[in-house]
>>> print(open('start-v9.csv').read())   # CSV, C-alpha atoms
chain,number,residue,atom,x,y,z
A,124,MET,CA,16.3,-96.1,-81.8
A,125,LYS,CA,13.9,-96.0,-78.9
A,126,PHE,CA,16.7,-94.7,-76.6
A,127,ASN,CA,17.3,-91.8,-79.0
A,128,PHE,CA,13.6,-91.1,-79.2
A,129,ASP,CA,13.5,-90.9,-75.4
A,130,ILE,CA,16.4,-88.4,-75.3
A,131,LYS,CA,14.8,-86.2,-77.9
A,132,LYS,CA,11.5,-86.3,-76.0
A,133,GLU,CA,13.3,-85.2,-72.8
A,134,TRP,CA,14.9,-82.3,-74.5
A,135,ASP,CA,11.7,-81.3,-76.2
A,136,GLU,CA,9.9,-81.3,-72.8
A,137,VAL,CA,12.6,-79.1,-71.3
A,138,LYS,CA,12.2,-76.6,-74.1
A,139,ARG,CA,8.4,-76.8,-73.8
A,140,PHE,CA,8.7,-75.9,-70.1
A,141,GLU,CA,11.1,-73.0,-70.8
A,142,LYS,CA,8.6,-71.5,-73.2
A,143,LEU,CA,6.0,-71.1,-70.5
A,144,SER,CA,5.2,-67.7,-69.0
A,145,ASP,CA,6.7,-66.8,-65.6
A,146,GLU,CA,3.2,-67.1,-64.1
A,147,GLU,CA,2.6,-70.6,-65.5
A,148,ARG,CA,5.9,-72.0,-64.2
A,149,SER,CA,5.9,-70.2,-60.9
A,150,ILE,CA,5.0,-73.4,-58.9
A,151,VAL,CA,6.9,-76.6,-59.8
A,152,PHE,CA,6.6,-80.0,-58.3
A,153,TYR,CA,9.4,-82.5,-59.1
A,154,SER,CA,8.9,-86.3,-59.0
A,155,GLU,CA,11.9,-88.5,-59.0
A,156,ASN,CA,9.9,-91.7,-59.4
A,157,LYS,CA,6.3,-92.7,-60.2
A,158,HIS,CA,5.2,-92.9,-56.6
A,159,ASP,CA,6.0,-89.3,-55.5
A,160,PHE,CA,2.6,-87.9,-56.3
A,161,ILE,CA,1.1,-89.6,-53.2
A,162,TYR,CA,3.1,-87.1,-51.0
A,163,TYR,CA,2.0,-84.1,-53.1
A,164,GLU,CA,-1.6,-85.0,-53.8
A,165,SER,CA,-3.4,-83.1,-51.1
A,166,ILE,CA,-1.3,-80.0,-51.6
A,167,ILE,CA,-1.8,-80.0,-55.3
A,168,LYS,CA,-5.5,-80.5,-54.9
A,169,GLN,CA,-5.7,-77.4,-52.6
A,170,LEU,CA,-3.6,-75.3,-55.0
A,171,THR,CA,-5.6,-76.3,-58.1
A,172,ASP,CA,-9.1,-76.5,-56.7
A,173,TYR,CA,-9.3,-74.0,-53.8
A,174,TYR,CA,-6.7,-71.4,-54.9
A,175,ASP,CA,-7.4,-72.0,-58.7
A,176,LYS,CA,-3.6,-72.1,-59.5
A,177,LYS,CA,-1.8,-73.8,-62.3
A,178,ILE,CA,1.2,-75.9,-61.3
A,179,CYS,CA,3.9,-77.7,-63.3
A,180,TYR,CA,4.5,-81.3,-62.5
A,181,VAL,CA,7.9,-82.4,-63.7
A,182,SER,CA,8.8,-86.1,-63.5
A,183,SER,CA,11.9,-88.2,-64.2
A,184,HIS,CA,9.9,-91.4,-64.5
A,185,LYS,CA,8.2,-92.2,-67.8
A,186,LEU,CA,5.5,-94.3,-66.0
A,187,ASP,CA,4.5,-91.6,-63.6
A,188,PRO,CA,0.7,-91.6,-63.7
A,189,MET,CA,0.5,-87.9,-63.4
A,190,LEU,CA,2.1,-87.5,-66.9
A,191,GLU,CA,-1.3,-88.6,-68.2
A,192,THR,CA,-3.4,-86.3,-66.0
A,193,SER,CA,-6.5,-84.8,-67.5
A,194,ASN,CA,-6.5,-81.9,-65.0
A,195,GLU,CA,-6.0,-78.7,-67.0
A,196,LYS,CA,-4.5,-77.0,-64.0
A,197,ILE,CA,-1.6,-79.5,-63.9
A,198,LEU,CA,1.0,-79.1,-66.7
A,199,PRO,CA,3.0,-82.4,-66.9
A,200,PHE,CA,6.6,-82.7,-68.2
A,201,TYR,CA,8.8,-85.8,-68.6
A,202,ILE,CA,12.6,-84.9,-68.3
A,203,GLY,CA,14.2,-88.3,-67.6
A,204,THR,CA,17.3,-88.7,-65.4
A,205,GLY,CA,20.1,-87.7,-67.8
A,206,ILE,CA,21.6,-84.5,-69.3
A,207,ALA,CA,18.2,-83.0,-70.0
A,208,CYS,CA,17.2,-83.4,-66.4
A,209,ALA,CA,20.5,-81.8,-65.2
A,210,LYS,CA,20.0,-78.9,-67.6
A,211,PHE,CA,16.4,-78.4,-66.5
A,212,PHE,CA,17.5,-77.8,-62.9
A,213,ILE,CA,20.6,-75.7,-63.6
A,214,ASN,CA,18.5,-73.4,-65.8
A,215,LEU,CA,15.3,-73.5,-63.8
A,216,LYS,CA,13.3,-70.3,-63.8
A,217,SER,CA,10.5,-70.6,-61.2
A,218,LYS,CA,9.5,-69.0,-58.0
A,219,ILE,CA,9.2,-72.2,-55.9
A,220,ILE,CA,9.9,-75.9,-56.4
A,221,ILE,CA,8.7,-78.7,-54.1
A,222,MET,CA,10.4,-82.1,-54.1
A,223,THR,CA,10.7,-85.3,-52.0
A,224,MET,CA,14.2,-86.0,-53.3
A,225,PRO,CA,16.9,-85.2,-50.7
A,226,ASP,CA,20.6,-84.5,-51.4
A,227,LEU,CA,20.1,-81.3,-53.4
A,228,GLU,CA,23.5,-80.2,-54.8
A,229,THR,CA,25.1,-83.5,-53.8
A,230,PHE,CA,24.6,-85.4,-57.0
A,231,HIS,CA,23.3,-84.4,-60.5
A,232,ILE,CA,20.4,-82.3,-59.2
A,233,LYS,CA,21.6,-78.7,-58.6
A,234,ARG,CA,20.1,-75.5,-57.5
A,235,SER,CA,19.3,-73.0,-60.3
A,236,LYS,CA,22.2,-71.0,-61.6
A,237,VAL,CA,20.0,-68.4,-63.3
A,238,GLN,CA,17.3,-67.5,-60.8
A,239,ASN,CA,16.8,-67.4,-57.1
A,240,VAL,CA,14.4,-70.3,-56.8
A,241,HIS,CA,12.9,-71.3,-53.4
A,242,TYR,CA,13.5,-75.0,-52.7
A,243,VAL,CA,11.0,-76.9,-50.5
A,244,HIS,CA,11.6,-80.5,-49.3
A,245,ILE,CA,8.7,-82.8,-48.4
A,246,LEU,CA,9.7,-85.7,-46.2
A,247,HIS,CA,8.6,-89.0,-47.7
A,248,SER,CA,8.9,-91.1,-44.6
A,249,LEU,CA,7.9,-91.0,-40.9
A,250,ASN,CA,11.4,-92.3,-40.0
A,251,SER,CA,14.0,-90.0,-38.5
A,252,VAL,CA,15.9,-87.6,-40.8
A,253,HIS,CA,19.3,-87.7,-39.1
A,254,VAL,CA,19.6,-91.5,-39.4
A,255,ALA,CA,17.5,-92.3,-42.5
A,256,LEU,CA,19.0,-89.5,-44.6
A,257,ARG,CA,22.6,-88.6,-45.4
A,258,LYS,CA,24.3,-86.1,-43.2
A,259,ASN,CA,23.9,-83.2,-45.6
A,260,ALA,CA,20.7,-84.4,-47.3
A,261,LEU,CA,18.7,-81.3,-46.4
A,262,ASP,CA,21.3,-78.6,-46.1
A,263,ASN,CA,20.6,-77.0,-49.4
A,264,PHE,CA,16.9,-76.6,-49.1
A,265,ASP,CA,15.3,-73.3,-48.0
A,266,THR,CA,12.1,-74.8,-46.4
A,267,ILE,CA,11.3,-78.2,-45.0
A,268,PHE,CA,7.7,-79.4,-44.7
A,269,CYS,CA,8.0,-81.4,-41.5
A,270,ALA,CA,5.7,-84.3,-40.8
A,271,SER,CA,6.2,-84.4,-37.0
A,272,ASN,CA,7.6,-82.7,-34.0
A,273,TYR,CA,10.6,-85.0,-33.9
A,274,HIS,CA,11.6,-84.0,-37.4
A,275,ILE,CA,11.8,-80.4,-36.3
A,276,ASP,CA,13.9,-81.5,-33.3
A,277,GLU,CA,16.3,-83.5,-35.5
A,278,ILE,CA,16.8,-80.8,-38.1
A,279,ARG,CA,17.3,-78.1,-35.5
A,280,GLY,CA,19.7,-80.4,-33.7
A,281,ALA,CA,21.8,-80.8,-36.9
A,282,GLU,CA,21.8,-77.1,-37.4
A,283,ARG,CA,23.2,-76.6,-33.9
A,284,ALA,CA,25.7,-79.5,-34.1
A,285,TYR,CA,27.2,-78.3,-37.5
A,286,ASN,CA,26.6,-74.6,-37.2
A,287,LEU,CA,24.2,-74.5,-40.2
A,288,PRO,CA,22.0,-71.6,-41.3
A,289,LYS,CA,18.4,-72.0,-40.0
A,290,LYS,CA,16.0,-73.3,-42.5
A,291,ILE,CA,12.3,-72.5,-42.5
A,292,LEU,CA,10.6,-75.5,-40.9
A,293,VAL,CA,6.8,-75.8,-41.5
A,294,GLU,CA,4.6,-77.9,-39.2
A,295,GLN,CA,2.9,-79.3,-42.3
A,296,GLY,CA,2.0,-83.0,-41.7
A,297,TYR,CA,2.1,-86.2,-43.8
A,298,GLY,CA,-0.3,-86.5,-46.7
A,299,ARG,CA,0.6,-90.1,-47.2
A,300,LEU,CA,-0.8,-91.0,-43.8
A,301,GLU,CA,-4.0,-89.1,-44.4
A,302,SER,CA,-4.5,-91.0,-47.7
A,303,LEU,CA,-4.1,-94.3,-45.8
A,304,LEU,CA,-6.5,-93.2,-43.1
A,305,GLN,CA,-9.1,-92.3,-45.7
A,306,GLU,CA,-8.6,-95.6,-47.4
A,307,VAL,CA,-9.1,-97.4,-44.1
A,308,LYS,CA,-12.5,-95.7,-43.8
A,309,ASN,CA,-13.3,-96.7,-47.4
A,310,ARG,CA,-12.3,-100.3,-46.9
A,311,HIS,CA,-14.0,-100.6,-43.5
A,312,VAL,CA,-16.2,-103.5,-44.6
A,313,GLN,CA,-13.3,-105.4,-46.3
A,314,ILE,CA,-11.0,-104.9,-43.3
A,315,ASN,CA,-13.5,-106.1,-40.7
A,316,ASN,CA,-15.2,-108.9,-42.7
A,317,LYS,CA,-12.4,-111.2,-44.0
A,318,LYS,CA,-13.5,-114.3,-45.8
A,319,SER,CA,-11.1,-116.5,-43.8
A,320,GLU,CA,-10.6,-116.7,-40.0
A,321,ARG,CA,-6.9,-117.5,-40.6
A,322,LYS,CA,-4.5,-114.8,-39.5
A,323,ILE,CA,-2.7,-113.0,-42.3
A,324,ILE,CA,0.8,-111.9,-41.7
A,325,LEU,CA,2.4,-109.3,-44.1
A,326,ILE,CA,6.2,-109.2,-44.4
A,327,ALA,CA,7.1,-105.7,-45.6
A,328,PRO,CA,10.7,-104.8,-44.7
A,329,SER,CA,13.2,-102.3,-46.0
A,330,TRP,CA,16.1,-103.3,-48.3
A,331,GLY,CA,19.8,-103.6,-48.3
A,332,PRO,CA,22.5,-106.2,-47.6
A,333,ASN,CA,21.4,-106.4,-43.9
A,334,GLY,CA,17.7,-106.3,-44.7
A,335,LEU,CA,15.2,-108.8,-43.4
A,336,ILE,CA,14.5,-110.5,-46.7
A,337,GLU,CA,18.1,-110.5,-47.9
A,338,THR,CA,19.4,-112.2,-44.7
A,339,ILE,CA,16.6,-114.3,-43.1
A,340,GLY,CA,13.6,-113.9,-45.3
A,341,LYS,CA,13.2,-117.6,-46.2
A,342,GLU,CA,13.5,-118.8,-42.6
A,343,ILE,CA,10.8,-116.4,-41.5
A,344,VAL,CA,8.3,-117.4,-44.2
A,345,GLU,CA,9.0,-121.1,-43.3
A,346,ILE,CA,8.3,-120.5,-39.6
A,347,LEU,CA,5.0,-118.6,-40.3
A,348,LEU,CA,3.7,-121.2,-42.7
A,349,ASN,CA,4.5,-124.0,-40.3
A,350,PHE,CA,2.4,-122.2,-37.7
A,351,ASP,CA,-0.5,-122.2,-40.1
A,352,TYR,CA,-0.6,-118.4,-40.9
A,353,ASP,CA,-1.4,-117.0,-44.3
A,354,VAL,CA,1.8,-115.2,-45.4
A,355,ILE,CA,2.2,-112.4,-47.8
A,356,LEU,CA,5.7,-111.4,-48.7
A,357,ARG,CA,6.0,-107.9,-50.1
A,358,PRO,CA,9.6,-107.0,-51.0
A,359,HIS,CA,10.8,-103.5,-51.2
A,360,PRO,CA,11.1,-102.3,-54.9
A,361,MET,CA,14.9,-102.1,-54.4
A,362,THR,CA,15.0,-105.7,-53.2
A,363,LEU,CA,13.2,-106.7,-56.3
A,364,ARG,CA,15.7,-104.9,-58.4
A,365,LYS,CA,18.9,-105.8,-56.6
A,366,SER,CA,18.1,-109.3,-55.4
A,367,GLU,CA,16.3,-110.9,-58.3
A,368,LYS,CA,17.9,-114.3,-57.8
A,369,LEU,CA,16.9,-114.4,-54.1
A,370,ILE,CA,13.3,-113.5,-54.8
A,371,GLU,CA,13.2,-116.2,-57.5
A,372,GLU,CA,14.5,-118.7,-55.0
A,373,ILE,CA,11.8,-117.8,-52.5
A,374,ARG,CA,9.1,-118.0,-55.1
A,375,LYS,CA,10.2,-121.5,-56.2
A,376,ARG,CA,10.5,-122.7,-52.6
A,377,PHE,CA,7.0,-121.7,-51.5
A,378,GLU,CA,4.9,-121.3,-54.7
A,379,ASN,CA,3.1,-124.6,-54.2
A,380,ASN,CA,2.0,-123.6,-50.7
A,381,PRO,CA,-1.6,-122.2,-51.0
A,382,ASN,CA,-1.0,-120.1,-47.9
A,383,PHE,CA,1.9,-118.2,-49.4
A,384,THR,CA,1.7,-115.1,-51.6
A,385,LEU,CA,4.6,-113.2,-53.2
A,386,GLU,CA,3.5,-109.7,-53.9
A,387,ILE,CA,5.7,-107.9,-56.4
A,388,GLU,CA,3.2,-105.4,-57.7
A,389,THR,CA,3.5,-102.5,-55.4
A,390,LYS,CA,0.3,-100.8,-56.8
A,391,ASN,CA,-1.7,-103.6,-55.2
A,392,SER,CA,-2.3,-102.3,-51.6
A,393,ASP,CA,-4.9,-104.9,-50.6
A,394,SER,CA,-2.4,-106.8,-48.4
A,395,PHE,CA,-1.7,-103.7,-46.4
A,396,PHE,CA,-5.4,-103.5,-45.3
A,397,ILE,CA,-6.4,-107.1,-44.9
A,398,CYS,CA,-3.4,-108.4,-42.9
A,399,ASP,CA,-3.6,-108.8,-39.1
A,400,CYS,CA,0.0,-108.0,-38.3
A,401,MET,CA,3.0,-106.7,-40.1
A,402,ILE,CA,6.6,-108.0,-39.8
A,403,SER,CA,9.2,-105.5,-40.7
A,404,ASP,CA,12.7,-104.3,-39.8
A,405,TRP,CA,13.5,-100.6,-39.8
A,406,SER,CA,11.2,-99.6,-42.7
A,407,GLY,CA,9.2,-96.4,-42.5
A,408,VAL,CA,6.2,-98.3,-43.9
A,409,ALA,CA,5.9,-100.0,-40.6
A,410,ILE,CA,5.1,-96.7,-38.9
A,411,GLU,CA,2.7,-95.9,-41.7
A,412,TYR,CA,1.0,-99.2,-41.2
A,413,ALA,CA,0.7,-98.9,-37.4
A,414,PHE,CA,-0.5,-95.3,-37.5
A,415,SER,CA,-3.2,-95.9,-40.2
A,416,LEU,CA,-4.4,-99.4,-39.4
A,417,GLU,CA,-3.8,-99.1,-35.7
A,418,LYS,CA,-2.5,-102.7,-35.7
A,419,PRO,CA,0.8,-104.1,-34.2
A,420,VAL,CA,4.2,-104.5,-35.9
A,421,LEU,CA,6.6,-107.3,-35.1
A,422,TYR,CA,10.1,-106.0,-35.6
A,423,ILE,CA,13.0,-108.3,-36.5
A,424,ASP,CA,16.1,-106.7,-35.0
A,425,VAL,CA,18.4,-106.9,-38.0
A,426,PRO,CA,21.1,-104.2,-38.2
A,427,GLN,CA,19.7,-100.8,-38.7
A,428,LYS,CA,20.3,-99.1,-42.1
A,429,ILE,CA,22.1,-95.9,-41.2
A,430,PHE,CA,22.8,-93.4,-43.9
A,431,ASN,CA,24.4,-90.9,-41.5
A,432,PRO,CA,27.0,-92.8,-39.4
A,433,ASN,CA,27.6,-89.6,-37.4
A,434,PHE,CA,23.9,-89.3,-36.3
A,435,ASP,CA,24.8,-89.6,-32.7
A,436,GLU,CA,26.5,-86.2,-32.8
A,437,ILE,CA,23.0,-84.7,-32.8
A,438,GLY,CA,22.2,-86.4,-29.5
A,439,ILE,CA,18.6,-87.4,-30.4
A,440,VAL,CA,17.4,-91.0,-30.3
A,441,PRO,CA,15.6,-91.8,-33.6
A,442,MET,CA,11.9,-92.1,-33.6
A,443,GLU,CA,12.0,-95.6,-35.0
A,444,ASP,CA,14.1,-96.7,-32.1
A,445,ARG,CA,11.9,-95.1,-29.5
A,446,ILE,CA,8.5,-96.5,-30.5
A,447,ARG,CA,9.2,-100.0,-31.6
A,448,ASN,CA,8.4,-101.5,-28.2
A,449,GLN,CA,5.3,-99.4,-27.9
A,450,ILE,CA,3.6,-100.2,-31.2
A,451,GLY,CA,4.8,-103.9,-31.3
A,452,GLU,CA,7.5,-106.2,-30.2
A,453,ILE,CA,11.1,-106.9,-31.2
A,454,VAL,CA,12.5,-110.3,-31.9
A,455,SER,CA,16.2,-111.0,-32.3
A,456,PRO,CA,17.4,-112.7,-35.6
A,457,GLN,CA,18.9,-115.4,-33.3
A,458,GLN,CA,15.5,-116.2,-31.8
A,459,LEU,CA,13.3,-116.6,-34.9
A,460,SER,CA,11.5,-119.5,-33.3
A,461,ASN,CA,9.9,-117.0,-30.9
A,462,ILE,CA,8.1,-115.2,-33.8
A,463,PRO,CA,4.7,-117.1,-33.5
A,464,LEU,CA,4.6,-116.6,-29.7
A,465,SER,CA,5.3,-112.9,-30.1
A,466,ILE,CA,2.6,-112.6,-32.8
A,467,GLU,CA,0.0,-114.3,-30.6
A,468,ASN,CA,1.1,-112.0,-27.7
A,469,LEU,CA,0.5,-109.0,-29.9
A,470,PHE,CA,-3.0,-110.2,-30.8
A,471,LYS,CA,-3.8,-110.6,-27.1
A,472,LYS,CA,-2.7,-107.0,-26.5
A,473,SER,CA,-4.2,-105.6,-29.6
A,474,GLU,CA,-6.6,-103.2,-27.9
A,475,GLU,CA,-3.9,-101.8,-25.6
A,476,ILE,CA,-1.5,-101.4,-28.5
A,477,LYS,CA,-4.3,-99.7,-30.6
A,478,LYS,CA,-4.7,-97.0,-27.9
A,479,THR,CA,-1.0,-96.5,-27.6
A,480,ILE,CA,-0.7,-96.1,-31.4
A,481,GLN,CA,-3.5,-93.5,-31.4
A,482,LYS,CA,-1.8,-91.5,-28.6
A,483,ILE,CA,1.7,-91.5,-30.3
A,484,ARG,CA,0.2,-90.7,-33.7
A,485,ASN,CA,-1.9,-87.8,-32.4
A,486,GLU,CA,1.0,-86.4,-30.3
A,487,THR,CA,3.6,-86.5,-33.1
A,488,VAL,CA,2.1,-86.0,-36.5
A,489,PHE,CA,1.1,-82.5,-37.5
A,490,ASN,CA,-2.3,-81.5,-38.9
A,491,ILE,CA,-3.8,-84.9,-39.6
A,492,GLY,CA,-6.6,-84.3,-42.1
A,493,ASN,CA,-5.4,-80.7,-42.9
A,494,SER,CA,-1.8,-81.0,-44.1
A,495,GLY,CA,-2.7,-80.3,-47.8
A,496,ASN,CA,-4.2,-76.9,-46.8
A,497,VAL,CA,-1.2,-76.0,-44.6
A,498,GLY,CA,1.2,-76.8,-47.4
A,499,ALA,CA,-0.7,-75.0,-50.1
A,500,LYS,CA,-1.2,-71.9,-47.9
A,501,TYR,CA,2.5,-71.7,-47.3
A,502,ILE,CA,3.2,-71.8,-51.1
A,503,ILE,CA,0.5,-69.2,-51.8
A,504,ASP,CA,1.7,-66.9,-49.0
A,505,PHE,CA,5.3,-67.3,-50.3
A,506,LEU,CA,4.2,-66.2,-53.8
A,507,ASP,CA,2.3,-63.3,-52.5
A,508,LYS,CA,5.3,-62.1,-50.5
A,509,THR,CA,7.7,-62.4,-53.4
A,510,ASN,CA,5.3,-60.7,-55.8
>>> encode(input="start-v9.csv", output="structure tokens")
Amino acid sequence: MKFNFDIKKEWDEVKRFEKLSDEERSIVFYSENKHDFIYYESIIKQLTDYYDKKICYVSSHKLDPMLETSNEKILPFYIGTGIACAKFFINLKSKIIIMTMPDLETFHIKRSKVQNVHYVHILHSLNSVHVALRKNALDNFDTIFCASNYHIDEIRGAERAYNLPKKILVEQGYGRLESLLQEVKNRHVQINNKKSERKIILIAPSWGPNGLIETIGKEIVEILLNFDYDVILRPHPMTLRKSEKLIEEIRKRFENNPNFTLEIETKNSDSFFICDCMISDWSGVAIEYAFSLEKPVLYIDVPQKIFNPNFDEIGIVPMEDRIRNQIGEIVSPQQLSNIPLSIENLFKKSEEIKKTIQKIRNETVFNIGNSGNVGAKYIIDFLDKTN
């Protein structure tokens, strides 16, 4: 019964959207999951507050917090992931839609068949696009809001390698990083006045069959606890979903150790700010951590998760390859016993690493502190031009 109710609600929401005037639905933001808003927040704030525009916020996740917004300038719609969602996109009538979801036209999300909608993609990671996304993931977008200069190089490189039409590439920035930097300022006292002198190590890797937790997670936790660190294990949401049995094994193995915490609630971001060092693999969150907290990352060199096996045809070394030795150290999975020594070495070089992180961040990420304004202005200028 509940399932049928959900389907009816999704169709009702699609119909409600279609009844809007052309002006009301001219700007659409699409959220594939409940976390996408963090990438749109600064742009939406500029559009609704500074430009006094109404926007439609369409989500496929029923727990997306923006579906409960009290902001009258934001019109929320829940369309699920099924047939109603597919119909919404095929029959979309709007001027411009902004989304973090790649692979437009590849799966069930298609371009509108009834109107010439302008499709904008916002990158939701500071990782490379030619390795961390599928080969054709961005081909069917009109505009890409780029976070960094290397994203532009990678996209232009793909266009040259595969003779693709040139997209509009906007030097926009990365709103997620700005939110983290602001939270660092807000949490300054908490970050610099920890109750314990014990070092806190956060393990926050990516996911997949070759992922850090999936392969050697238990061994790493054991080594860190034996060296008398406080350990927080923060699995990726996909690891929690696909490796439930493994996560339960880890919980049972270490639950009686007072220095171990298994963090499965991703809304809780305290660990991100109170830890002294992050251990990761190839996760984009490692770059976010380093760029916002200006603290080191210890990389465990498990096999890289490559979504585009032909990435080397573009001839560009991925960003996550180039900076790992600059913002931290790399440890081989065959030399896990070296982890404590490497961590202590990172602590000794913390000031040097901090300066390196600041330099790389400021040289690569666009418009830090102003990305929302850049993104909103592009949208407004596009609407003015089409009108």
>>> closest_atom_pairs(input="start-v9.csv", of="stretch 136-171 of chain A", to="stretch 484-500 of chain A", cutoff="10 Å", atoms="only C-alpha atoms", output="Markdown table")
| residue | atom | partner | partner_atom | distance |
| --- | --- | --- | --- | --- |
| A:Tyr162 | CA | A:Gly495 | CA | 9.5 |
| A:Tyr163 | CA | A:Gly495 | CA | 8.0 |
| A:Glu164 | CA | A:Gly495 | CA | 7.7 |
| A:Ser165 | CA | A:Gly495 | CA | 4.4 |
| A:Ile166 | CA | A:Gly495 | CA | 4.1 |
| A:Ile167 | CA | A:Ala499 | CA | 7.3 |
| A:Lys168 | CA | A:Gly495 | CA | 7.6 |
| A:Gln169 | CA | A:Asn496 | CA | 6.0 |
| A:Leu170 | CA | A:Ala499 | CA | 5.7 |
| A:Thr171 | CA | A:Ala499 | CA | 9.5 |
>>> residues_around(input="start-v9.csv", residues="A:Pro199", least_positions_apart="3", cutoff="12 Å", atoms="all atoms listed in the file", output="number ranges by chain")
A: 136-137, 139-140, 147-148, 151-154, 160, 177-185, 187-196, 202
>>> residues_around(input="start-v9.csv", residues="A:Ser473", least_positions_apart="5", cutoff="9 Å", atoms="all atoms listed in the file", output="short mmCIF file (atom, residue, chain, number, x, y, z; two decimals) with C-alpha atoms, in the frame of the given file")
data_model
loop_
_atom_site.label_atom_id
_atom_site.label_comp_id
_atom_site.auth_asym_id
_atom_site.auth_seq_id
_atom_site.Cartn_x
_atom_site.Cartn_y
_atom_site.Cartn_z
CA GLU A 417 -3.80 -99.10 -35.70
CA LYS A 418 -2.50 -102.70 -35.70
CA PRO A 419 0.80 -104.10 -34.20
CA ASN A 468 1.10 -112.00 -27.70
CA LYS A 478 -4.70 -97.00 -27.90
#
>>> atom_distance(input="start-v9.csv", atom1="atom CA of A:Arg310", atom2="atom CA of A:Leu186")
26.8 Å
>>> residues_around(input="start-v9.csv", residues="A:Ser415", least_positions_apart="2", cutoff="6 Å", atoms="only C-alpha atoms", output="PyMOL selection string")
chain A and resi 303-304+412-413+417
>>> closest_residue(input="start-v9.csv", among="A:Val408, A:Ile483, A:Leu416, A:Ile245", to="A:Pro358", atoms="only C-alpha atoms")
A:Val408
>>> atom_distance(input="start-v9.csv", atom1="atom CA of A:Phe434", atom2="atom CA of A:Ala281")
8.8 Å
>>> residues_around(input="start-v9.csv", residues="stretch 359-369 of chain A", least_positions_apart="5", cutoff="9 Å", atoms="only C-alpha atoms", output="list in words")
Ala327, Pro328, Ser329, Trp330, Gly331, Gly334, Ile336, Glu337, Arg374, Ile387, Glu388 and Thr389 of chain A
>>> closest_residue(input="start-v9.csv", among="A:Ser251, A:His241, A:Ile466, A:Lys322", to="A:Ile429", atoms="all atoms listed in the file")
A:Ser251
>>> atom_distance(input="start-v9.csv", atom1="atom CA of A:Asp226", atom2="atom CA of A:Leu261")
6.2 Å
>>> closest_residue(input="start-v9.csv", among="A:Leu287, A:Ile343, A:Leu215, A:Ile267", to="A:Lys236", atoms="only C-alpha atoms")
A:Leu215
>>> closest_residue(input="start-v9.csv", among="A:Ile462, A:Val420, A:Leu227, A:Ala284", to="A:Leu348", atoms="all atoms listed in the file")
A:Ile462
>>> closest_residue(input="start-v9.csv", among="A:Asn250, A:Ser403, A:Asn286, A:Gln449", to="A:Ala270", atoms="all atoms listed in the file")
A:Asn250
>>> residues_around(input="start-v9.csv", residues="A:Glu345", least_positions_apart="3", cutoff="10 Å", atoms="all atoms listed in the file", output="list in words")
Gly340, Lys341, Glu342, Leu348, Asn349, Phe350, Val354, Arg376, Phe377 and Phe383 of chain A
>>> decode(input="start-v9.csv", residues="stretch 135-147 of chain A", atoms="N, CA and C atoms", output="short mmCIF file (atom, residue, chain, number, x, y, z; two decimals), in the first residue's frame")
data_model
loop_
_atom_site.label_atom_id
_atom_site.label_comp_id
_atom_site.auth_asym_id
_atom_site.auth_seq_id
_atom_site.Cartn_x
_atom_site.Cartn_y
_atom_site.Cartn_z
N ASP A 135 1.80 12.80 -9.01
CA ASP A 135 1.14 14.05 -8.63
C ASP A 135 2.13 15.22 -8.62
N GLU A 136 3.35 14.92 -8.16
CA GLU A 136 4.37 15.97 -8.12
C GLU A 136 4.79 16.39 -9.54
N VAL A 137 4.89 15.42 -10.46
CA VAL A 137 5.21 15.75 -11.84
C VAL A 137 4.13 16.63 -12.44
N LYS A 138 2.87 16.28 -12.19
CA LYS A 138 1.75 17.08 -12.70
C LYS A 138 1.75 18.47 -12.09
N ARG A 139 2.07 18.57 -10.81
CA ARG A 139 2.12 19.87 -10.13
C ARG A 139 3.20 20.75 -10.75
N PHE A 140 4.33 20.15 -11.07
CA PHE A 140 5.40 20.91 -11.72
C PHE A 140 4.97 21.39 -13.10
N GLU A 141 4.31 20.52 -13.85
CA GLU A 141 3.91 20.87 -15.22
C GLU A 141 2.86 21.96 -15.26
N LYS A 142 2.17 22.17 -14.16
CA LYS A 142 1.14 23.22 -14.10
C LYS A 142 1.72 24.61 -13.80
N LEU A 143 2.99 24.64 -13.46
CA LEU A 143 3.63 25.94 -13.20
C LEU A 143 3.69 26.77 -14.47
N SER A 144 3.81 28.07 -14.29
CA SER A 144 4.00 28.95 -15.44
C SER A 144 5.42 28.79 -15.98
N ASP A 145 5.65 29.25 -17.20
CA ASP A 145 6.99 29.16 -17.80
C ASP A 145 8.01 29.89 -16.94
N GLU A 146 7.64 31.01 -16.37
CA GLU A 146 8.55 31.79 -15.53
C GLU A 146 8.90 31.03 -14.26
N GLU A 147 7.93 30.40 -13.63
CA GLU A 147 8.17 29.70 -12.36
C GLU A 147 9.10 28.50 -12.52
#
